[in-house]
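Contents: one structure, followed by commentary.
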Amino acid sequence: MLSFETVNELTLKVTCTGNDVLFTKAGAFIAGDSVGGKNYRFEKVLLGPQNNLAQAAFGSLVRRMTGENIPLMKVNMNGDSVTYYASNAQHVFIYELGFGEMISVESENILAFTQDCKYDVRFIGCGILSQKGLATSLLTGNGSNAYVAILTDGNPIILSNVQSRNTISVDPDAVICWMGQGYCDPQVKADVSWKTFIGQTSGESYAFEWSGNQPVSVVVQPSERRGGISVQMD
């Protein structure tokens with residue numbers, strides 16, 4: 001059994017009781033503490049976390065073709081231990097997935113997840129307008145211990161319309177992930193007019209939008225990826 005918690009906002013602390021398996025970003029381990037000698041070991045994941053070899057090979061091919069490939073490390077834990085993981089002093093956001101609940105996230109923002117998370121890559125077709133790719137990594141809760149740790153550039157904010165059913169609009173270059181029952185993919189809303197073509201843009205010409213009939217929670221970081229479109233005339 002694994003449990004996730006953050007330490008000083010920048011480090012993931014994983015407590016293991018008994019035997020279990022953890023998947024993390026390769027090289028993310030920074031420290032460990034175990035009774036009676038080191039009882040955990042690291043193993044490079046060559047294809048993917050799927051148990052089926054054919055599925056793992058196909059998944060690896062899809063990730064490489066779509067740019068969603070993430071170098072993963074498997075941590076085999078044999079006994080009680082506490083281990084710590086981090087990446088470039090980025091903030092860590094933890095989310096526990098309910099059974100069947102999905103989280104869509106950029107592969108570069110995945111720090112760790114438990115084996116009760118089913119890992120796939122899926123096309124969303126939004127990459128023309130931002131650094132968000134045409135594909136996204138998808139984690140689905142597949143058990144009672146489905147935790148995922150996400151990396152963000154600064155402390156994130158969380159927007160949710162599950163109760164309010166409001167419309168949520170976010171900058172695609174700031175969004176980290178979104179969660180809900182089903183895929184909950186956003187619509188791309190563009191605000192392009194004649195002013196766009198003479199350089200009179202607001203800098204916010206497009207957005208990801210979820211309507212009130214799409215119950216979703218969206219995680220946004222206080223930093224934007226370098227990307228987007230710039231249309232102007234000199």
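Please note that chains go A, B, ... in the order of the structure tokens, that every chain numbers its residues from 1, and that ligands are numbered from 1 in the order shown.
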
Can you list, as an mmCIF file with C-alpha atoms, in the first residue's frame, every protein, DNA or RNA residue that comes within 7 Å of Thr15 in chain A when you count only C-alpha atoms, leaving out same-chain residues fewer than 2 positions away?
data_model
loop_
_atom_site.group_PDB
_atom_site.id
_atom_site.type_symbol
_atom_site.label_atom_id
_atom_site.label_comp_id
_atom_site.auth_asym_id
_atom_site.auth_seq_id
_atom_site.Cartn_x
_atom_site.Cartn_y
_atom_site.Cartn_z
ATOM 1 C CA LEU A 2 1.322 3.426 -0.991
ATOM 2 C CA SER A 3 0.416 6.900 0.233
ATOM 3 C CA PHE A 4 1.484 10.242 -1.265
ATOM 4 C CA LYS A 13 7.007 11.688 -0.021
ATOM 5 C CA THR A 17 3.460 -0.432 3.810
ATOM 6 C CA SER A 81 9.867 2.326 3.495
ATOM 7 C CA VAL A 82 9.683 6.061 2.905
ATOM 8 C CA THR A 83 11.141 7.446 -0.329
#

Atomic distance CA of Asn8 in chain A - CA of Gly36 in chain A, expressed in Å with one decimal: 27.4 Å

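Note that the spacing between CA of Arg122 in chain A and CA of Leu139 in chain A amounts to 10.2 Å.
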
If you count only C-alpha atoms, which residues fall within 8 Å of range 18-29 of chain A, apart from same-chain ones fewer than 2 positions away, as a PyMOL selection string? chain A and resi 1-2+16+31+44+49+70-80+83-87+110-115

For Arg165 in chain A, which residue among A:Asn145, A:Thr11, A:Ser217, A:Gln187 is the nearest when counting only C-alpha atoms? A:Ser217

Compare A:Ser104, A:Phe42, A:Asn109, A:Val148 by their minimum atom-to-atom distance to Val14 in chain A, counting only C-alpha atoms, and give me the closest one. A:Val148

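The closest residue to Leu138 in chain A, picked from A:Lys189, A:Pro222, A:Asn155, A:Tyr183 and counting only C-alpha atoms, is A:Tyr183.
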
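Each of A:Asp153, A:Glu106, A:Asp171, A:Asp120 was compared to Thr136 in chain A using only C-alpha atoms, and A:Glu106 turns out to be the nearest.
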
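Relative to CA of Gly180 in chain A, CA of Val45 in chain A is found at 27.8 Å.
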
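Counting only C-alpha atoms, Ala146 in chain A has the following residues at most 7 Å away, ignoring those fewer than 3 positions along the same chain: Glu96, Leu97, Thr114, Asp116, Cys117, Gly141, Asn142 and Gly143 of chain A.
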
Selection export as a tab-separated table (two decimals), in the first residue's frame, atoms kept: N, CA, C and O atoms:
chain	number	residue	atom	x	y	z
A	96	GLU	N	-5.72	12.06	-6.02
A	96	GLU	CA	-6.17	10.67	-5.89
A	96	GLU	C	-7.34	10.44	-6.83
A	96	GLU	O	-8.37	11.11	-6.72
A	97	LEU	N	-7.19	9.52	-7.75
A	97	LEU	CA	-8.22	9.23	-8.74
A	97	LEU	C	-9.23	8.23	-8.19
A	97	LEU	O	-8.84	7.19	-7.63
A	114	THR	N	0.91	5.48	-9.02
A	114	THR	CA	0.86	4.13	-8.49
A	114	THR	C	0.39	3.16	-9.57
A	114	THR	O	-0.13	3.56	-10.62
A	116	ASP	N	-2.12	1.36	-9.56
A	116	ASP	CA	-3.57	1.35	-9.72
A	116	ASP	C	-4.04	2.41	-10.71
A	116	ASP	O	-5.24	2.63	-10.88
A	117	CYS	N	-3.08	3.09	-11.37
A	117	CYS	CA	-3.40	4.03	-12.44
A	117	CYS	C	-3.09	3.37	-13.78
A	117	CYS	O	-1.97	2.91	-14.00
A	141	GLY	N	-8.09	5.91	-13.01
A	141	GLY	CA	-8.14	5.17	-11.76
A	141	GLY	C	-8.64	3.76	-11.99
A	141	GLY	O	-9.72	3.55	-12.53
A	142	ASN	N	-7.83	2.78	-11.57
A	142	ASN	CA	-8.16	1.38	-11.85
A	142	ASN	C	-8.06	0.53	-10.58
A	142	ASN	O	-7.81	-0.67	-10.65
A	143	GLY	N	-8.23	1.18	-9.42
A	143	GLY	CA	-8.13	0.47	-8.15
A	143	GLY	C	-8.35	1.44	-7.01
A	143	GLY	O	-8.67	2.62	-7.20
